[in-house]
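**Q** Got a file for you: run.cif, mmCIF, C-alpha atoms.
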```cif
data_work
#
loop_
_atom_site.group_PDB
_atom_site.id
_atom_site.type_symbol
_atom_site.label_atom_id
_atom_site.label_comp_id
_atom_site.auth_asym_id
_atom_site.auth_seq_id
_atom_site.Cartn_x
_atom_site.Cartn_y
_atom_site.Cartn_z
ATOM 1 C CA MET A 1 64.395 88.732 123.397
ATOM 2 C CA ASP A 2 65.408 92.360 124.051
ATOM 3 C CA LYS A 3 67.153 94.230 121.268
ATOM 4 C CA PRO A 4 70.755 95.315 121.861
ATOM 5 C CA LEU A 5 71.212 98.983 122.733
ATOM 6 C CA ILE A 6 73.451 101.245 120.650
ATOM 7 C CA PHE A 7 74.316 104.658 122.074
ATOM 8 C CA ILE A 8 75.458 107.381 119.650
ATOM 9 C CA THR A 9 77.306 110.274 121.264
ATOM 10 C CA ARG A 10 76.414 112.938 118.660
ATOM 11 C CA LYS A 11 73.263 113.776 116.771
ATOM 12 C CA LEU A 12 73.664 112.200 113.328
ATOM 13 C CA PRO A 13 71.390 112.160 110.257
ATOM 14 C CA GLU A 14 68.529 109.748 110.868
ATOM 15 C CA LYS A 15 68.761 108.210 107.405
ATOM 16 C CA LEU A 16 72.340 107.095 108.066
ATOM 17 C CA ILE A 17 71.494 105.239 111.273
ATOM 18 C CA GLU A 18 68.292 103.593 110.018
ATOM 19 C CA PRO A 19 70.095 100.258 109.407
ATOM 20 C CA LEU A 20 70.911 100.092 113.130
ATOM 21 C CA LYS A 21 67.281 100.628 114.104
ATOM 22 C CA GLU A 22 66.268 97.522 112.190
ATOM 23 C CA ILE A 23 68.008 95.235 114.669
ATOM 24 C CA ALA A 24 68.800 97.398 117.702
ATOM 25 C CA GLU A 25 67.438 100.017 120.040
ATOM 26 C CA VAL A 26 69.201 103.278 119.211
ATOM 27 C CA ASP A 27 69.713 106.052 121.750
ATOM 28 C CA MET A 28 71.321 109.211 120.360
ATOM 29 C CA TRP A 29 72.639 112.318 122.107
ATOM 30 C CA HIS A 30 70.579 115.381 121.220
ATOM 31 C CA SER A 31 73.357 117.765 120.157
ATOM 32 C CA GLU A 32 75.484 117.991 117.016
ATOM 33 C CA ASP A 33 78.141 120.259 118.476
ATOM 34 C CA LYS A 34 78.126 119.771 122.252
ATOM 35 C CA SER A 35 79.775 116.790 123.868
ATOM 36 C CA VAL A 36 77.791 114.340 125.927
ATOM 37 C CA PRO A 37 78.932 114.743 129.559
ATOM 38 C CA TYR A 38 81.178 111.919 130.686
ATOM 39 C CA SER A 39 78.811 110.940 133.507
ATOM 40 C CA ILE A 40 75.939 110.502 131.061
ATOM 41 C CA LEU A 41 78.168 108.621 128.623
ATOM 42 C CA VAL A 42 79.073 106.135 131.357
ATOM 43 C CA GLU A 43 75.433 105.851 132.380
ATOM 44 C CA LYS A 44 74.411 105.056 128.790
ATOM 45 C CA ALA A 45 77.292 102.588 128.408
ATOM 46 C CA GLU A 46 76.039 100.535 131.365
ATOM 47 C CA ARG A 47 73.293 99.047 129.169
ATOM 48 C CA ALA A 48 74.878 99.402 125.760
ATOM 49 C CA THR A 49 76.061 96.658 123.437
ATOM 50 C CA GLY A 50 77.676 99.204 121.154
ATOM 51 C CA LEU A 51 78.869 102.810 121.204
ATOM 52 C CA LEU A 52 79.313 105.120 118.228
ATOM 53 C CA THR A 53 81.726 107.752 119.503
ATOM 54 C CA VAL A 54 83.627 110.817 118.356
ATOM 55 C CA LEU A 55 87.240 111.740 119.069
ATOM 56 C CA SER A 56 86.367 114.069 121.963
ATOM 57 C CA ASP A 57 84.669 111.270 123.923
ATOM 58 C CA GLN A 58 86.743 109.748 126.716
ATOM 59 C CA ILE A 59 86.422 105.965 126.463
ATOM 60 C CA ASP A 60 88.494 104.665 129.346
ATOM 61 C CA GLU A 61 89.001 101.855 131.849
ATOM 62 C CA ASN A 62 86.369 103.256 134.188
ATOM 63 C CA LEU A 63 83.731 103.239 131.454
ATOM 64 C CA PHE A 64 84.564 99.676 130.436
ATOM 65 C CA GLN A 65 84.298 98.507 134.033
ATOM 66 C CA GLN A 66 80.710 99.759 134.153
ATOM 67 C CA ALA A 67 79.675 98.436 130.719
ATOM 68 C CA PRO A 68 79.267 94.653 131.105
ATOM 69 C CA HIS A 69 77.332 94.229 127.840
ATOM 70 C CA LEU A 70 79.591 96.293 125.635
ATOM 71 C CA LYS A 71 80.886 94.503 122.523
ATOM 72 C CA VAL A 72 81.971 97.271 120.159
ATOM 73 C CA VAL A 73 83.059 100.914 120.096
ATOM 74 C CA ALA A 74 82.981 102.493 116.628
ATOM 75 C CA ASN A 75 85.001 105.712 116.657
ATOM 76 C CA LEU A 76 84.104 108.346 114.067
ATOM 77 C CA ALA A 77 87.749 109.054 113.217
ATOM 78 C CA VAL A 78 90.831 107.325 111.898
ATOM 79 C CA GLY A 79 92.625 108.103 115.181
ATOM 80 C CA PHE A 80 91.667 106.413 118.438
ATOM 81 C CA ASP A 81 93.820 108.103 121.083
ATOM 82 C CA ASN A 82 90.618 108.924 122.994
ATOM 83 C CA ILE A 83 90.092 105.199 123.656
ATOM 84 C CA ASP A 84 91.952 102.920 126.066
ATOM 85 C CA VAL A 85 92.445 100.170 123.508
ATOM 86 C CA GLU A 86 94.420 97.969 125.896
ATOM 87 C CA ALA A 87 91.607 98.011 128.454
ATOM 88 C CA ALA A 88 89.076 97.224 125.723
ATOM 89 C CA THR A 89 91.123 94.331 124.412
ATOM 90 C CA LYS A 90 91.344 92.756 127.878
ATOM 91 C CA ARG A 91 87.547 92.720 127.940
ATOM 92 C CA LYS A 92 87.214 91.430 124.362
ATOM 93 C CA ILE A 93 85.588 94.687 123.242
ATOM 94 C CA VAL A 94 86.174 95.427 119.573
ATOM 95 C CA ILE A 95 87.420 98.916 118.708
ATOM 96 C CA CYS A 96 86.694 100.155 115.185
ATOM 97 C CA ASN A 97 87.709 103.307 113.330
ATOM 98 C CA THR A 98 87.282 104.895 109.896
ATOM 99 C CA PRO A 99 90.535 104.661 107.923
ATOM 100 C CA ASP A 100 90.927 105.171 104.168
ATOM 101 C CA VAL A 101 87.544 106.826 103.535
ATOM 102 C CA LEU A 102 88.895 110.174 104.749
ATOM 103 C CA SER A 103 92.399 110.105 103.254
ATOM 104 C CA ASP A 104 91.714 112.236 100.177
ATOM 105 C CA THR A 105 89.655 114.818 102.028
ATOM 106 C CA THR A 106 92.202 115.188 104.836
ATOM 107 C CA ALA A 107 95.033 115.476 102.315
ATOM 108 C CA ASP A 108 93.067 118.211 100.510
ATOM 109 C CA LEU A 109 92.707 120.115 103.779
ATOM 110 C CA ALA A 110 96.365 119.647 104.698
ATOM 111 C CA PHE A 111 97.541 121.068 101.399
ATOM 112 C CA GLY A 112 94.937 123.824 101.567
ATOM 113 C CA LEU A 113 96.160 124.784 105.042
ATOM 114 C CA LEU A 114 99.728 124.784 103.750
ATOM 115 C CA MET A 115 98.726 127.110 100.903
ATOM 116 C CA ALA A 116 96.695 129.365 103.200
ATOM 117 C CA THR A 117 99.625 129.733 105.580
ATOM 118 C CA ALA A 118 102.351 130.180 102.977
ATOM 119 C CA ARG A 119 100.422 132.621 100.780
ATOM 120 C CA ARG A 120 98.659 134.430 103.674
ATOM 121 C CA LEU A 121 95.256 133.709 102.128
ATOM 122 C CA ILE A 122 93.142 134.151 105.261
ATOM 123 C CA GLU A 123 94.927 137.371 106.108
ATOM 124 C CA ALA A 124 94.405 138.668 102.567
ATOM 125 C CA ALA A 125 90.666 137.920 102.629
ATOM 126 C CA GLN A 126 90.290 139.692 105.971
ATOM 127 C CA TYR A 127 92.311 142.625 104.629
ATOM 128 C CA VAL A 128 89.787 143.208 101.861
ATOM 129 C CA LYS A 129 86.766 142.741 104.141
ATOM 130 C CA ALA A 130 88.194 145.295 106.559
ATOM 131 C CA ASN A 131 88.398 147.848 103.716
ATOM 132 C CA GLN A 132 92.154 148.174 104.154
ATOM 133 C CA TRP A 133 92.983 147.716 100.453
ATOM 134 C CA ASN A 134 93.774 151.275 99.440
ATOM 135 C CA SER A 135 96.457 150.740 96.797
ATOM 136 C CA TRP A 136 98.698 148.163 95.151
ATOM 137 C CA SER A 137 102.291 147.706 96.217
ATOM 138 C CA PRO A 138 104.933 145.138 95.239
ATOM 139 C CA TYR A 139 105.108 143.376 98.600
ATOM 140 C CA LEU A 140 101.510 143.811 99.737
ATOM 141 C CA LEU A 141 100.667 140.622 101.704
ATOM 142 C CA ALA A 142 103.533 138.831 99.955
ATOM 143 C CA GLY A 143 103.820 135.234 101.082
ATOM 144 C CA ARG A 144 106.148 132.383 100.220
ATOM 145 C CA ASP A 145 106.282 130.199 97.129
ATOM 146 C CA ILE A 146 105.151 126.605 97.358
ATOM 147 C CA HIS A 147 106.180 125.298 93.955
ATOM 148 C CA HIS A 148 109.613 123.684 93.636
ATOM 149 C CA LYS A 149 110.093 123.760 97.413
ATOM 150 C CA THR A 150 110.774 120.796 99.715
ATOM 151 C CA ILE A 151 107.988 119.270 101.767
ATOM 152 C CA GLY A 152 108.771 117.029 104.721
ATOM 153 C CA ILE A 153 105.941 114.671 105.653
ATOM 154 C CA VAL A 154 106.150 113.143 109.124
ATOM 155 C CA GLY A 155 103.884 110.099 109.032
ATOM 156 C CA MET A 156 103.777 108.571 105.536
ATOM 157 C CA GLY A 157 100.662 106.469 106.004
ATOM 158 C CA LYS A 158 97.674 106.580 103.693
ATOM 159 C CA ILE A 159 96.972 110.271 104.301
ATOM 160 C CA GLY A 160 100.648 111.185 103.997
ATOM 161 C CA GLU A 161 100.967 109.312 100.717
ATOM 162 C CA THR A 162 97.805 110.970 99.417
ATOM 163 C CA LEU A 163 99.160 114.392 100.388
ATOM 164 C CA ALA A 164 102.427 113.609 98.619
ATOM 165 C CA LYS A 165 100.496 112.962 95.387
ATOM 166 C CA ARG A 166 99.106 116.493 95.547
ATOM 167 C CA THR A 167 102.551 118.030 95.885
ATOM 168 C CA THR A 168 103.747 116.535 92.604
ATOM 169 C CA GLY A 169 101.589 119.033 90.719
ATOM 170 C CA PHE A 170 103.634 121.775 92.367
ATOM 171 C CA ASP A 171 106.935 120.100 91.454
ATOM 172 C CA MET A 172 107.832 119.779 95.109
ATOM 173 C CA ASN A 173 110.695 117.689 96.410
ATOM 174 C CA ILE A 174 109.227 115.106 98.836
ATOM 175 C CA LEU A 175 110.988 113.996 102.009
ATOM 176 C CA TYR A 176 109.313 111.770 104.573
ATOM 177 C CA HIS A 177 109.869 110.152 107.941
ATOM 178 C CA ASN A 178 107.887 107.153 109.109
ATOM 179 C CA ARG A 179 108.176 104.177 111.445
ATOM 180 C CA SER A 180 108.721 102.005 108.372
ATOM 181 C CA ARG A 181 109.727 102.705 104.783
ATOM 182 C CA ASN A 182 106.928 103.382 102.308
ATOM 183 C CA ILE A 183 108.330 101.746 99.214
ATOM 184 C CA GLN A 184 105.352 102.668 97.048
ATOM 185 C CA ALA A 185 105.774 106.359 97.869
ATOM 186 C CA GLU A 186 109.457 106.085 97.028
ATOM 187 C CA GLU A 187 108.942 104.279 93.727
ATOM 188 C CA VAL A 188 105.828 106.040 92.442
ATOM 189 C CA LEU A 189 106.170 109.524 93.950
ATOM 190 C CA HIS A 190 109.972 109.640 94.212
ATOM 191 C CA ALA A 191 109.741 110.427 97.913
ATOM 192 C CA THR A 192 112.971 110.192 99.892
ATOM 193 C CA TYR A 193 113.113 108.627 103.351
ATOM 194 C CA CYS A 194 114.924 110.716 105.985
ATOM 195 C CA GLU A 195 115.651 110.473 109.639
ATOM 196 C CA PHE A 196 113.518 112.916 111.593
ATOM 197 C CA GLU A 197 116.301 115.422 112.296
ATOM 198 C CA GLU A 198 117.457 115.467 108.660
ATOM 199 C CA LEU A 199 113.917 116.136 107.467
ATOM 200 C CA LEU A 200 113.587 119.056 109.858
ATOM 201 C CA ARG A 201 116.821 120.601 108.595
ATOM 202 C CA LYS A 202 115.982 120.296 104.911
ATOM 203 C CA ALA A 203 112.228 120.870 104.567
ATOM 204 C CA ASP A 204 110.631 124.194 103.659
ATOM 205 C CA PHE A 205 107.269 122.837 104.812
ATOM 206 C CA VAL A 206 107.021 120.295 107.642
ATOM 207 C CA VAL A 207 103.653 118.533 107.754
ATOM 208 C CA CYS A 208 102.730 116.408 110.757
ATOM 209 C CA LEU A 209 100.475 113.442 109.995
ATOM 210 C CA THR A 210 101.588 111.035 112.680
ATOM 211 C CA PRO A 211 99.107 109.521 115.172
ATOM 212 C CA LEU A 212 99.292 110.518 118.824
ATOM 213 C CA THR A 213 101.000 107.814 120.860
ATOM 214 C CA ASP A 214 103.280 107.717 123.883
ATOM 215 C CA GLU A 215 106.204 107.872 121.457
ATOM 216 C CA THR A 216 104.923 110.838 119.426
ATOM 217 C CA LYS A 217 103.616 113.031 122.253
ATOM 218 C CA HIS A 218 105.478 116.367 121.994
ATOM 219 C CA LEU A 219 107.518 114.993 119.092
ATOM 220 C CA PHE A 220 107.601 118.572 117.874
ATOM 221 C CA ASN A 221 109.319 120.202 120.795
ATOM 222 C CA GLU A 222 111.799 123.043 121.313
ATOM 223 C CA ARG A 223 114.660 121.021 119.860
ATOM 224 C CA ALA A 224 112.628 120.095 116.771
ATOM 225 C CA PHE A 225 111.618 123.682 115.990
ATOM 226 C CA GLN A 226 115.183 124.891 116.497
ATOM 227 C CA ALA A 227 116.314 122.345 113.910
ATOM 228 C CA MET A 228 114.032 123.778 111.215
ATOM 229 C CA LYS A 229 114.891 126.506 108.752
ATOM 230 C CA GLU A 230 114.019 130.050 109.788
ATOM 231 C CA THR A 231 111.904 130.216 106.624
ATOM 232 C CA ALA A 232 110.116 126.915 107.345
ATOM 233 C CA ILE A 233 106.366 126.585 107.844
ATOM 234 C CA PHE A 234 104.945 123.941 110.178
ATOM 235 C CA ILE A 235 101.581 122.304 109.445
ATOM 236 C CA ASN A 236 99.711 120.027 111.866
ATOM 237 C CA VAL A 237 96.591 118.099 110.850
ATOM 238 C CA SER A 238 97.112 115.079 113.095
ATOM 239 C CA ARG A 239 96.608 115.588 116.846
ATOM 240 C CA GLY A 240 97.423 118.572 119.013
ATOM 241 C CA GLY A 241 99.299 116.476 121.562
ATOM 242 C CA VAL A 242 102.068 115.763 119.066
ATOM 243 C CA VAL A 243 103.152 119.382 119.483
ATOM 244 C CA ASP A 244 104.585 121.153 122.516
ATOM 245 C CA GLU A 245 102.531 124.305 122.016
ATOM 246 C CA GLU A 246 104.705 126.441 124.310
ATOM 247 C CA ALA A 247 107.745 125.431 122.265
ATOM 248 C CA LEU A 248 105.938 126.275 119.021
ATOM 249 C CA LEU A 249 104.925 129.694 120.335
ATOM 250 C CA LYS A 250 108.477 130.356 121.489
ATOM 251 C CA ALA A 251 109.851 129.361 118.067
ATOM 252 C CA LEU A 252 107.415 131.674 116.280
ATOM 253 C CA ASN A 253 108.169 134.608 118.564
ATOM 254 C CA ALA A 254 111.915 134.077 118.234
ATOM 255 C CA GLY A 255 111.726 133.854 114.450
ATOM 256 C CA GLU A 256 113.082 130.297 114.495
ATOM 257 C CA ILE A 257 110.353 129.311 111.998
ATOM 258 C CA ALA A 258 108.283 131.521 109.683
ATOM 259 C CA GLY A 259 104.767 130.330 110.445
ATOM 260 C CA ALA A 260 102.373 127.530 111.319
ATOM 261 C CA GLY A 261 99.062 126.162 110.108
ATOM 262 C CA LEU A 262 97.140 124.283 112.786
ATOM 263 C CA ASP A 263 93.971 122.244 112.373
ATOM 264 C CA VAL A 264 94.350 120.680 115.830
ATOM 265 C CA PHE A 265 95.228 121.777 119.355
ATOM 266 C CA ALA A 266 96.151 120.089 122.627
ATOM 267 C CA GLU A 267 92.852 121.174 124.185
ATOM 268 C CA GLU A 268 89.805 121.355 121.934
ATOM 269 C CA PRO A 269 87.809 123.403 121.302
ATOM 270 C CA VAL A 270 90.557 125.984 121.590
ATOM 271 C CA ASN A 271 89.755 129.414 123.044
ATOM 272 C CA ALA A 272 89.924 132.425 120.773
ATOM 273 C CA ASP A 273 92.392 134.067 123.168
ATOM 274 C CA HIS A 274 94.896 131.207 122.863
ATOM 275 C CA PRO A 275 98.262 132.813 121.985
ATOM 276 C CA LEU A 276 98.721 130.560 118.953
ATOM 277 C CA VAL A 277 95.269 131.416 117.607
ATOM 278 C CA GLN A 278 96.035 135.122 118.007
ATOM 279 C CA HIS A 279 99.543 134.897 116.584
ATOM 280 C CA PRO A 280 99.958 136.850 113.318
ATOM 281 C CA HIS A 281 101.954 134.039 111.691
ATOM 282 C CA VAL A 282 99.506 131.228 112.502
ATOM 283 C CA VAL A 283 96.471 130.057 110.547
ATOM 284 C CA SER A 284 94.040 128.152 112.778
ATOM 285 C CA PHE A 285 91.247 125.782 111.756
ATOM 286 C CA PRO A 286 88.698 124.039 114.061
ATOM 287 C CA HIS A 287 89.770 120.408 113.442
ATOM 288 C CA ILE A 288 88.081 120.084 110.041
ATOM 289 C CA GLY A 289 90.548 117.756 108.316
ATOM 290 C CA SER A 290 87.922 115.309 107.067
ATOM 291 C CA ALA A 291 84.989 117.731 107.148
ATOM 292 C CA SER A 292 83.401 117.423 103.759
ATOM 293 C CA ILE A 293 79.767 116.370 103.474
ATOM 294 C CA GLU A 294 80.683 113.399 101.319
ATOM 295 C CA THR A 295 83.455 112.124 103.563
ATOM 296 C CA ARG A 296 81.647 112.593 106.878
ATOM 297 C CA THR A 297 78.740 110.634 105.366
ATOM 298 C CA LYS A 298 81.145 107.841 104.415
ATOM 299 C CA MET A 299 82.657 107.847 107.906
ATOM 300 C CA ILE A 300 79.292 107.602 109.647
ATOM 301 C CA THR A 301 78.220 104.863 107.259
ATOM 302 C CA LEU A 302 81.388 102.899 107.985
ATOM 303 C CA CYS A 303 80.810 103.229 111.755
ATOM 304 C CA VAL A 304 77.271 101.902 111.335
ATOM 305 C CA GLU A 305 78.522 99.026 109.179
ATOM 306 C CA ASN A 306 81.196 98.148 111.730
ATOM 307 C CA ILE A 307 78.600 97.936 114.510
ATOM 308 C CA LEU A 308 76.238 95.901 112.346
ATOM 309 C CA ASP A 309 79.027 93.464 111.542
ATOM 310 C CA ILE A 310 79.647 92.842 115.247
ATOM 311 C CA LEU A 311 75.923 92.402 115.930
ATOM 312 C CA HIS A 312 75.807 89.864 113.097
ATOM 313 C CA ASN A 313 78.925 88.076 114.405
ATOM 314 C CA LYS A 314 80.921 89.113 111.348
ATOM 315 C CA GLU A 315 84.381 90.653 111.116
ATOM 316 C CA PRO A 316 84.102 94.471 110.867
ATOM 317 C CA LYS A 317 85.590 96.316 107.920
ATOM 318 C CA ALA A 318 87.902 98.429 110.086
ATOM 319 C CA VAL A 319 89.273 97.001 113.331
ATOM 320 C CA VAL A 320 91.911 98.513 115.610
ATOM 321 C CA ASN A 321 92.396 95.517 117.927
ATOM 322 C CA GLY A 322 91.941 92.583 115.604
ATOM 323 C CA GLU A 323 93.336 90.162 118.168
ATOM 324 C CA VAL A 324 89.954 90.274 119.923
ATOM 325 C CA LEU A 325 88.415 88.545 116.908
ATOM 326 C CA ILE A 326 90.816 85.582 116.988
ATOM 327 C CA LYS A 327 88.985 82.533 118.224
ATOM 328 C CA GLU A 328 90.922 80.537 120.778
#
```
Go through the file and emit its structure as C-alpha cells.
**A**
Amino acid sequence: MDKPLIFITRKLPEKLIEPLKEIAEVDMWHSEDKSVPYSILVEKAERATGLLTVLSDQIDENLFQQAPHLKVVANLAVGFDNIDVEAATKRKIVICNTPDVLSDTTADLAFGLLMATARRLIEAAQYVKANQWNSWSPYLLAGRDIHHKTIGIVGMGKIGETLAKRTTGFDMNILYHNRSRNIQAEEVLHATYCEFEELLRKADFVVCLTPLTDETKHLFNERAFQAMKETAIFINVSRGGVVDEEALLKALNAGEIAGAGLDVFAEEPVNADHPLVQHPHVVSFPHIGSASIETRTKMITLCVENILDILHNKEPKAVVNGEVLIKE
C-alpha cells in the first residue's frame, strides 16, 4: 500500500518533520523565505493527503477541487484567513492551526512594539549608529510614557489576555473590546469592557489583536482613527487587512494620531518604499509576532502532530472546523 503524501510549503528543520516520514512520504519546498508558486502548490496538492502551509499560501476552492485525496491542511499560524474554510468543510477536509503555543511570544512582541513606538527606540538606536549624537538635551528623542496610561485591546482572546497581563507591571488601565465578554480578564486583570467607539476615545494605546474576517476588514478606518486621541498610538500585530492603510496614513499626516507600530501589512512582504514604512512616526516589523526559536519550534511540532492525528484517525489537538470530525 502506498504511503500518504504530505507536502510542506516551506523548508523546515528535518528533525521536526521526522515523525511524518515514519508513516508518510514527505515532499518539502526548498526555500525557507520564498513562497512556493501557487501553480506548484496546486500541482503538489493533487496527490497530497496533507498540506503543512504558512499564512502566505493561498488555499482556496480551486486548490481543493484539484486535490481529491486531501484530508488535512495544517496552517503554521493561529490565523487561517489564507484558507477557504467553508470550501474545505464541504469536502470534509480538516483545517488545523496553532493556537495557544504562540500567545506569550506574540504578546511579548506586541508590548515590545508598543514600547519601541512610544519611546522611539528604533529611531534612537539609528541616531547613535549614524553618529548624530553630539550632545545631550532635555527633549532629545523624547517619547511618550507608557506607565499609568490607558491601553485599549481590540480582540481579548488568548493573546489579548496575555498582553493585558504584561501591562499590569506598568500600572496601565486596561480597556478591551471583543465579540464576547472576557470575564476572567475582568475579574483577574481588572480589565473593563467597552464598545469599540468608547475604547477609541479613551485609550492612549490602541492594540489590534482581532482576526481578519469579513466583519473586521478595515475595522480601523478613517472614522476609527478620527475617534482616537491626537496623542494616541496605534499598534497592529494581527492582520494587515484589518486596517485601511490609506486612512492610517492620512491620520498620521494630519496629526489625528501620534504614531503607529505595525507588524503586519495588507500586502506582504511590504516594499521599503511603502509610505507607512517610510513615515517618521511609524515603526515597522516584518510580521515577526511569534518569531522566537522556541515558539516557532512548538508551532511546527503542533502542525506535525495535527497531521499525524488525522493519519491515525484521531482528533487533532487544534481544529478550526471541528464539524468535519462529527460522525453522522
**Q** Considering all atoms listed in the file, return as number ranges by chain whatever protein or nucleic-acid residues lie within 8 Å of Asn306 of chain A, sequence-local ones (same chain, fewer than 4 positions apart) excluded.
**A** A: 74, 96, 302, 310, 316-318
**Q** Could you state the separation of atom CA of Asp204 of chain A and atom CA of Leu219 of chain A in Å, given to one decimal place?
**A** 18.2 Å
**Q** Taking the file above as input, evaluate the PyMOL selection byres ((chain A and resi 65) around 10) and report the hits as an MDAnalysis selection string.
**A** chainID A and resid 42 45:46 60:64 66:68 70 87:88 91
**Q** Convert the output of the PyMOL selection byres ((chain A and resi 245-250) around 12) on the shown file into explicit residues, formatted as a PyMOL selection string.
**A** chain A and resi 217-226+228+233-236+239-244+251-262+264-267+274-282
**Q** My list of candidates is A:Ala77, A:Ile326, A:Leu5, A:Val94. Which is closest to Asp309 of chain A when distances are computed with only C-alpha atoms?
**A** A:Val94
**Q** Quick one: contact table of segment 28-105 of chain A to segment 294-300 of chain A, 8 Å max, nearest atom pair and distance in Å to one decimal per residue, counting all atoms listed in the file, chain and number order, as a tab-separated table?
**A**
```
residue	atom	partner	partner_atom	distance
A:Leu76	CA	A:Met299	CA	6.3
A:Ala77	CA	A:Met299	CA	7.5
A:Thr98	CA	A:Met299	CA	5.8
A:Val101	CA	A:Lys298	CA	6.5
A:Leu102	CA	A:Thr295	CA	5.9
A:Thr105	CA	A:Thr295	CA	6.9
```
**Q** Please write the residues picked by the PyMOL selection byres ((chain A and resi 10-18) around 9) on this file as a PyMOL selection string.
**A** chain A and resi 8-9+19-22+26+28-36+52-54+297+300-301+304
**Q** Would you mind listing what lies within 9 Å of Thr167 of chain A as a ChimeraX atom specification, with all atoms listed in the file counted and same-chain residues fewer than 4 positions away left out?
**A** /A:111,147,151,163,171-174
**Q** Calculate how many Å separate atom CA of Ala142 of chain A from atom CA of Phe285 of chain A, rounding to one decimal.
**A**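 Separating atom CA of Ala142 of chain A from atom CA of Phe285 of chain A is a distance of 21.5 Å.
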**Q** Segment 85-96 of chain A, all listed atoms, 3 Å padding on each side: what axis-aligned box centre and edge lengths in Å to one decimal come out, as lines of an AutoDock Vina configuration file?
**A**
```
center_x = 90.0
center_y = 95.8
center_z = 121.8
size_x = 14.8
size_y = 14.7
size_z = 19.3
```
**Q** Contacts of segment 120-130 of chain A at 8 Å or less, counting all atoms listed in the file, minus same-chain residues fewer than 6 places along, as a PyMOL selection string?
**A** chain A and resi 141-143+283
**Q** Could you take the residues named above and write them with C-alpha atoms, as a PDB file, in the coordinates of the input?
**A**
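See out-v4.pdb below for the written result:
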```pdb
ATOM      1  CA  LEU A 141     100.667 140.622 101.704  1.00  0.00           C
ATOM      2  CA  ALA A 142     103.533 138.831  99.955  1.00  0.00           C
ATOM      3  CA  GLY A 143     103.820 135.234 101.082  1.00  0.00           C
ATOM      4  CA  VAL A 283      96.471 130.057 110.547  1.00  0.00           C
TER       5      VAL A 283
END
```
**Q** Atom CA of Thr216 of chain A and atom CA of Glu197 of chain A are how many Å apart?
**A**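 Atom-to-atom, atom CA of Thr216 of chain A to atom CA of Glu197 of chain A, that is 14.2 Å.
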**Q** Which residue is closest to Asn182 of chain A? Choose from A:Ile146, A:Met156, A:Cys194, A:Leu109 and count only C-alpha atoms.
**A**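 The shortest atom-to-atom distance to Asn182 of chain A comes from A:Met156.
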**Q** For a quick check of understanding, using all atoms listed in the file, which of A:Thr49, A:Ser103, A:Ser137, A:Ser180 has the smallest distance to Ser238 of chain A?
**A**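 Of the candidates, the smallest distance to Ser238 of chain A is held by A:Ser103.
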**Q** Using only C-alpha atoms - which residues lie no farther than 6 Å from the point (90.4, 107.0, 128.9) in the file's frame? Write them as a PyMOL selection string.
**A** chain A and resi 58-60+83-84
**Q** Which residue, A:Arg166, A:Arg47, A:Lys202, A:Lys149, has the smallest gap to Ile6 of chain A when you use only C-alpha atoms?
**A**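 Result for the nearest residue to Ile6 of chain A: A:Arg47.
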**Q** Counting all atoms listed in the file, which residue out of A:Ser39, A:Lys327, A:Trp133, A:Leu212 sits closest to Val78 of chain A?
**A**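 The answer is A:Leu212, which sits nearest to Val78 of chain A.
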**Q** Between A:Val154, A:Ala191, A:Leu308, A:Leu200, which is the closest to Asn178 of chain A once you count only C-alpha atoms?
**A** A:Val154
